[in-house]
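*Asks:* Take this structure first; my questions come after.
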Amino acid sequence: MIPNPSNANAVVVVGGGFAGLTTALALSHCQPRPPIVLIEPRQRFVFLPLLYELLSGELQAWEVAPPYHSLLSQRGIALLEDRVDSIDTKAKTVTTSSGLKLNYAQLVLSTGSTPTDFDIPGVRKHALMFHHLNDVDVLRQRIKELQLRRNPRQDLVIVGAGPTGVELACKLADLLEGAAQLHLIELGERVLPSAKAFNQEQAERALSERGVHVHLLTQVRAISTDQVELLSKQKEPAISSAITHSGLVWTAGTRPVIPALSPDFVLTEARLPIDSCLQVIGLSDVLGLGDATYNKDHSWPPTAQVALQQGELAARNVMALRTSSPLQPFEFKDFGEMLSLGVGEASITGMGFTLAGPLAFQIRRGAYLTKLPGLSLGLRSGGAWLLGH
């Protein structure tokens, strides 16, 4: 379905991640259904929490990264495979990279984030990433190369011991089966600094059991083709060192992605300031969701769980705007925290219980599969799992 640029009554959703896609799908169920346009440059929706299972072959591409056209089929949602470059909030138009200009009645910005290098030399040129679908293929190829060489003196380095770094380190350790030494570099005092205590403890245990070398209070100073320069702050004075690597994966942080806004708009900490109802402050017909937003009273975690809940509320509040009804505030319901800790293992904290091991992995996987956008896809994926693919 090709969107009509002159339709000034449309709801335009920018970004098809968890929050944006959930908003568009929820709007498609509203009566009367408004004209809906979803603008997303990628052809596939990527279920980021399950990228690790795609890397290990525990899940298939159609489960983790279904095409948008299959998710939106017969939903009454116009999909535009494009990127928004600029937004004129006075004229209420968005302009895309291809030069298309669309009008909107309400705008939902869920543009997400992208990896940031913190201006550290060599990151962009020499580091691998784990943020997009293509990154899985690149890393899978690197694993094959390391397995073929099978030199115990090979070192694979992961920078950043947040959830992505920790989950990736455990999965890679199982996949490599000793073909390389794994190093996990973290600037903080512990891995998973924001995680719940049980999951943090289980992660530390899993890393230790797999022989992952964890370097805490350690800063990356520069990266070259085969070397990473480090500064350890565990003792005073700080000690410089280097690791010769056969691959380095960067998971150390992200930055928000926000199109240019005019007339001049002031961001807060490089993000869109939003109120409790997810409205962008100063723009009554614009909602902001997910990683690219800032709320002065709440620091919601940048997780799929938050994004899904925000998307559901955004749809209701868009319809409230269209009928001049009161908007509802966002109230995050924390249903717990789940981590993959290697092939066939996981850790879960939440809903009044803690669990680790193979059963936790099955529960985590099943829980995520039920959250896959589109009920038919979730049922197909669940069936494939039960039947062993």
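Note on naming: chains are A, B, ... as they come in the structure tokens, residues start from 1 per chain, ligands start from 1 in the order shown.
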Can you pull out the residues contacting Leu48 (chain A)? Cut-off 12 Å, using only C-alpha atoms, and skip same-chain residues under 3 positions away; I want them as number ranges by chain.
*Replies:* A: 17-18, 44-45, 51-55, 61, 63-66, 130-133, 135-136, 163-164, 167, 303-305, 368, 372
*Asks:* Can you tell me, as a list in words, what residues are no more than 6 Å from region 171-187 of chain A when counting only C-alpha atoms, ignoring any on the same chain fewer than 2 positions away?
*Replies:* Gln147, Arg150, Pro152, Gln154, Asp155, Leu156, Val157, Ile158, Val159, Gly160, Ala161, Leu168, Ala169, Val212, His213, Val214, His215, Leu216, Leu217, Thr218, Gln219, Gly342 and Val343 of chain A
*Asks:* Here is a test: counting only C-alpha atoms, which residue of A:Arg140, A:Arg221, A:Lys196, A:Arg124 is nearest to Gly57 (chain A)?
*Replies:*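 Of A:Arg140, A:Arg221, A:Lys196, A:Arg124, the one nearest Gly57 (chain A), counting only C-alpha atoms, is A:Arg140.
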*Asks:* When distances are computed from only C-alpha atoms, which of A:Trp62, A:Tyr104, A:Phe330, A:Phe47 shows the smallest separation from Asp285 (chain A)?
*Replies:* A:Tyr104
*Asks:* If DSSP is run on the backbone, what residues of region 336-367 of chain A are alpha helix (DSSP H)? A reply as a list in words would be ideal.
*Replies:*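 For region 336-367 of chain A, the alpha helix (DSSP H) set is Pro358, Leu359, Ala360, Phe361, Gln362, Ile363, Arg364, Arg365, Gly366 and Ala367 of chain A.
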*Asks:* Mind the document's chain letters and residue numbers, and return as a ChimeraX atom specification the residues of region 78-300 of chain A that DSSP labels strand (DSSP E or B).
*Replies:* /A:78-80,84-88,93-96,101-103,106-109,113-115,128-129,155-159,181-185,213-215,218-223,227-232,239-244,248-250,254-256,260-262,268,271-274,279-280,286-288,293-295,298
*Asks:* Given only C-alpha atoms as the basis, pick out the residue of A:Leu192, A:Val318, A:Leu207, A:Val84 nearest to Ile36 (chain A).
*Replies:* A:Val318
*Asks:* In Å, with one decimal, what is the gap from CA of Lys371 (chain A) to CA of Ile39 (chain A)?
*Replies:*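 Pair CA of Lys371 (chain A) / CA of Ile39 (chain A) returns 21.6 Å.
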*Asks:* Taking only C-alpha atoms into account, which of A:Thr111, A:Arg316, A:Ser56, A:Gly282 comes nearest Asp137 (chain A)?
*Replies:*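 Of A:Thr111, A:Arg316, A:Ser56, A:Gly282, the one nearest Asp137 (chain A) is A:Ser56, counting only C-alpha atoms.
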*Asks:* Using only C-alpha atoms, which protein or nucleic acid residues come within 12 Å of Leu313 (chain A)? Drop anything in the same chain fewer than 5 positions from it, and give the result as number ranges by chain.
*Replies:* A: 19-20, 22-27, 108, 276-279, 287-289, 306-308, 318-320, 327-332
*Asks:* Save the residues we just selected, N, CA and C atoms, as a PDB file, in the first residue's frame?
*Replies:*
ATOM      1  N   ALA A  19       8.464  -0.453  19.702  1.00  0.00           N
ATOM      2  CA  ALA A  19       7.465   0.564  20.056  1.00  0.00           C
ATOM      3  C   ALA A  19       6.662   1.008  18.846  1.00  0.00           C
ATOM      4  N   GLY A  20       7.348   1.304  17.741  1.00  0.00           N
ATOM      5  CA  GLY A  20       6.649   1.799  16.562  1.00  0.00           C
ATOM      6  C   GLY A  20       5.738   0.759  15.937  1.00  0.00           C
ATOM      7  N   THR A  22       4.425  -1.884  17.388  1.00  0.00           N
ATOM      8  CA  THR A  22       3.309  -2.136  18.304  1.00  0.00           C
ATOM      9  C   THR A  22       2.258  -1.045  18.195  1.00  0.00           C
ATOM     10  N   THR A  23       2.703   0.213  18.093  1.00  0.00           N
ATOM     11  CA  THR A  23       1.761   1.324  17.931  1.00  0.00           C
ATOM     12  C   THR A  23       0.925   1.156  16.676  1.00  0.00           C
ATOM     13  N   ALA A  24       1.590   0.888  15.544  1.00  0.00           N
ATOM     14  CA  ALA A  24       0.881   0.757  14.270  1.00  0.00           C
ATOM     15  C   ALA A  24      -0.108  -0.399  14.304  1.00  0.00           C
ATOM     16  N   LEU A  25       0.309  -1.542  14.843  1.00  0.00           N
ATOM     17  CA  LEU A  25      -0.586  -2.704  14.908  1.00  0.00           C
ATOM     18  C   LEU A  25      -1.775  -2.441  15.830  1.00  0.00           C
ATOM     19  N   ALA A  26      -1.512  -1.779  16.967  1.00  0.00           N
ATOM     20  CA  ALA A  26      -2.610  -1.468  17.889  1.00  0.00           C
ATOM     21  C   ALA A  26      -3.592  -0.485  17.252  1.00  0.00           C
ATOM     22  N   LEU A  27      -3.086   0.490  16.517  1.00  0.00           N
ATOM     23  CA  LEU A  27      -3.955   1.451  15.830  1.00  0.00           C
ATOM     24  C   LEU A  27      -4.829   0.755  14.784  1.00  0.00           C
ATOM     25  N   VAL A 108       4.100   9.779  15.540  1.00  0.00           N
ATOM     26  CA  VAL A 108       4.708   8.963  16.592  1.00  0.00           C
ATOM     27  C   VAL A 108       6.165   8.733  16.217  1.00  0.00           C
ATOM     28  N   SER A 276       4.530  12.599  30.903  1.00  0.00           N
ATOM     29  CA  SER A 276       4.090  11.295  31.414  1.00  0.00           C
ATOM     30  C   SER A 276       3.151  10.574  30.455  1.00  0.00           C
ATOM     31  N   CYS A 277       2.534  11.328  29.534  1.00  0.00           N
ATOM     32  CA  CYS A 277       1.615  10.719  28.566  1.00  0.00           C
ATOM     33  C   CYS A 277       2.298  10.404  27.235  1.00  0.00           C
ATOM     34  N   LEU A 278       3.616  10.539  27.205  1.00  0.00           N
ATOM     35  CA  LEU A 278       4.460  10.250  26.046  1.00  0.00           C
ATOM     36  C   LEU A 278       4.396  11.333  24.979  1.00  0.00           C
ATOM     37  N   GLN A 279       3.769  12.458  25.285  1.00  0.00           N
ATOM     38  CA  GLN A 279       3.775  13.583  24.353  1.00  0.00           C
ATOM     39  C   GLN A 279       5.134  14.279  24.389  1.00  0.00           C
ATOM     40  N   LEU A 287       4.007  12.209  19.624  1.00  0.00           N
ATOM     41  CA  LEU A 287       4.366  11.328  20.729  1.00  0.00           C
ATOM     42  C   LEU A 287       5.775  10.780  20.493  1.00  0.00           C
ATOM     43  N   GLY A 288       6.522  10.593  21.577  1.00  0.00           N
ATOM     44  CA  GLY A 288       7.864  10.035  21.489  1.00  0.00           C
ATOM     45  C   GLY A 288       7.968   8.775  22.324  1.00  0.00           C
ATOM     46  N   LEU A 289       8.562   7.724  21.750  1.00  0.00           N
ATOM     47  CA  LEU A 289       8.643   6.439  22.427  1.00  0.00           C
ATOM     48  C   LEU A 289      10.075   5.895  22.396  1.00  0.00           C
ATOM     49  N   VAL A 306       9.516  -2.334  27.861  1.00  0.00           N
ATOM     50  CA  VAL A 306       9.055  -0.946  27.938  1.00  0.00           C
ATOM     51  C   VAL A 306       8.484  -0.497  26.599  1.00  0.00           C
ATOM     52  N   ALA A 307       9.196  -0.809  25.520  1.00  0.00           N
ATOM     53  CA  ALA A 307       8.770  -0.368  24.197  1.00  0.00           C
ATOM     54  C   ALA A 307       7.402  -0.930  23.822  1.00  0.00           C
ATOM     55  N   LEU A 308       7.169  -2.199  24.124  1.00  0.00           N
ATOM     56  CA  LEU A 308       5.873  -2.812  23.820  1.00  0.00           C
ATOM     57  C   LEU A 308       4.743  -2.127  24.579  1.00  0.00           C
ATOM     58  N   VAL A 318      -3.056   8.361  20.822  1.00  0.00           N
ATOM     59  CA  VAL A 318      -3.284   8.932  19.489  1.00  0.00           C
ATOM     60  C   VAL A 318      -4.779   9.046  19.227  1.00  0.00           C
ATOM     61  N   MET A 319      -5.519   8.014  19.536  1.00  0.00           N
ATOM     62  CA  MET A 319      -6.971   8.061  19.331  1.00  0.00           C
ATOM     63  C   MET A 319      -7.617   9.099  20.239  1.00  0.00           C
ATOM     64  N   ALA A 320      -7.053   9.273  21.450  1.00  0.00           N
ATOM     65  CA  ALA A 320      -7.563  10.321  22.343  1.00  0.00           C
ATOM     66  C   ALA A 320      -7.324  11.697  21.743  1.00  0.00           C
ATOM     67  N   LEU A 327      -5.627  12.304  27.712  1.00  0.00           N
ATOM     68  CA  LEU A 327      -4.597  11.298  27.498  1.00  0.00           C
ATOM     69  C   LEU A 327      -4.298  10.566  28.795  1.00  0.00           C
ATOM     70  N   GLN A 328      -3.800   9.330  28.666  1.00  0.00           N
ATOM     71  CA  GLN A 328      -3.462   8.525  29.836  1.00  0.00           C
ATOM     72  C   GLN A 328      -1.951   8.548  30.074  1.00  0.00           C
ATOM     73  N   PRO A 329      -1.521   8.578  31.337  1.00  0.00           N
ATOM     74  CA  PRO A 329      -0.081   8.532  31.632  1.00  0.00           C
ATOM     75  C   PRO A 329       0.466   7.120  31.457  1.00  0.00           C
ATOM     76  N   PHE A 330       1.754   7.031  31.172  1.00  0.00           N
ATOM     77  CA  PHE A 330       2.402   5.731  31.023  1.00  0.00           C
ATOM     78  C   PHE A 330       2.806   5.201  32.388  1.00  0.00           C
ATOM     79  N   GLU A 331       2.388   3.980  32.675  1.00  0.00           N
ATOM     80  CA  GLU A 331       2.755   3.306  33.920  1.00  0.00           C
ATOM     81  C   GLU A 331       3.408   1.978  33.556  1.00  0.00           C
ATOM     82  N   PHE A 332       4.716   1.915  33.702  1.00  0.00           N
ATOM     83  CA  PHE A 332       5.450   0.719  33.328  1.00  0.00           C
ATOM     84  C   PHE A 332       5.207  -0.407  34.323  1.00  0.00           C
TER      85      PHE A 332
END
*Asks:* Smallest atom-to-atom distance to Gln74 (chain A): which of A:Ser240, A:Gln310, A:Thr89, A:Ser28, using only C-alpha atoms?
*Replies:*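 Using only C-alpha atoms, Gln74 (chain A) sits closest to A:Ser28.
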*Asks:* Counting only C-alpha atoms, which of A:Ile143, A:Val13, A:Val46, A:Ala270 gets nearest to Pro67 (chain A)?
*Replies:* A:Val46
*Asks:* If you count only C-alpha atoms, which residues fall within 10 Å of Ile239 (chain A), apart from same-chain ones fewer than 5 positions away, as number ranges by chain?
*Replies:* A: 218, 230-234
*Asks:* Output N, CA and C atoms of each residue in that selection to a file, as a PDB file, in the first residue's frame.
*Replies:*
ATOM      1  N   THR A 218      38.042  -1.276  33.397  1.00  0.00           N
ATOM      2  CA  THR A 218      39.010  -1.213  32.309  1.00  0.00           C
ATOM      3  C   THR A 218      38.451  -0.407  31.145  1.00  0.00           C
ATOM      4  N   LEU A 230      44.257  -0.933  26.276  1.00  0.00           N
ATOM      5  CA  LEU A 230      43.429  -0.846  27.470  1.00  0.00           C
ATOM      6  C   LEU A 230      44.113  -0.021  28.549  1.00  0.00           C
ATOM      7  N   LEU A 231      43.268   0.520  29.436  1.00  0.00           N
ATOM      8  CA  LEU A 231      43.758   1.214  30.626  1.00  0.00           C
ATOM      9  C   LEU A 231      42.999   0.657  31.819  1.00  0.00           C
ATOM     10  N   SER A 232      43.691  -0.118  32.662  1.00  0.00           N
ATOM     11  CA  SER A 232      43.058  -0.726  33.833  1.00  0.00           C
ATOM     12  C   SER A 232      43.116   0.236  35.010  1.00  0.00           C
ATOM     13  N   LYS A 233      41.946   0.476  35.625  1.00  0.00           N
ATOM     14  CA  LYS A 233      41.845   1.390  36.759  1.00  0.00           C
ATOM     15  C   LYS A 233      41.557   0.626  38.051  1.00  0.00           C
ATOM     16  N   GLN A 234      41.877  -0.663  38.071  1.00  0.00           N
ATOM     17  CA  GLN A 234      41.655  -1.465  39.272  1.00  0.00           C
ATOM     18  C   GLN A 234      42.583  -1.048  40.404  1.00  0.00           C
TER      19      GLN A 234
END
*Asks:* Determine, counting only C-alpha atoms, which protein, DNA and RNA residues have an atom within 10 Å of an atom of Pro358 (chain A); residues of the same chain fewer than 2 positions away are not included. Present the result as number ranges by chain.
*Replies:* A: 341-347, 355-356, 360-364
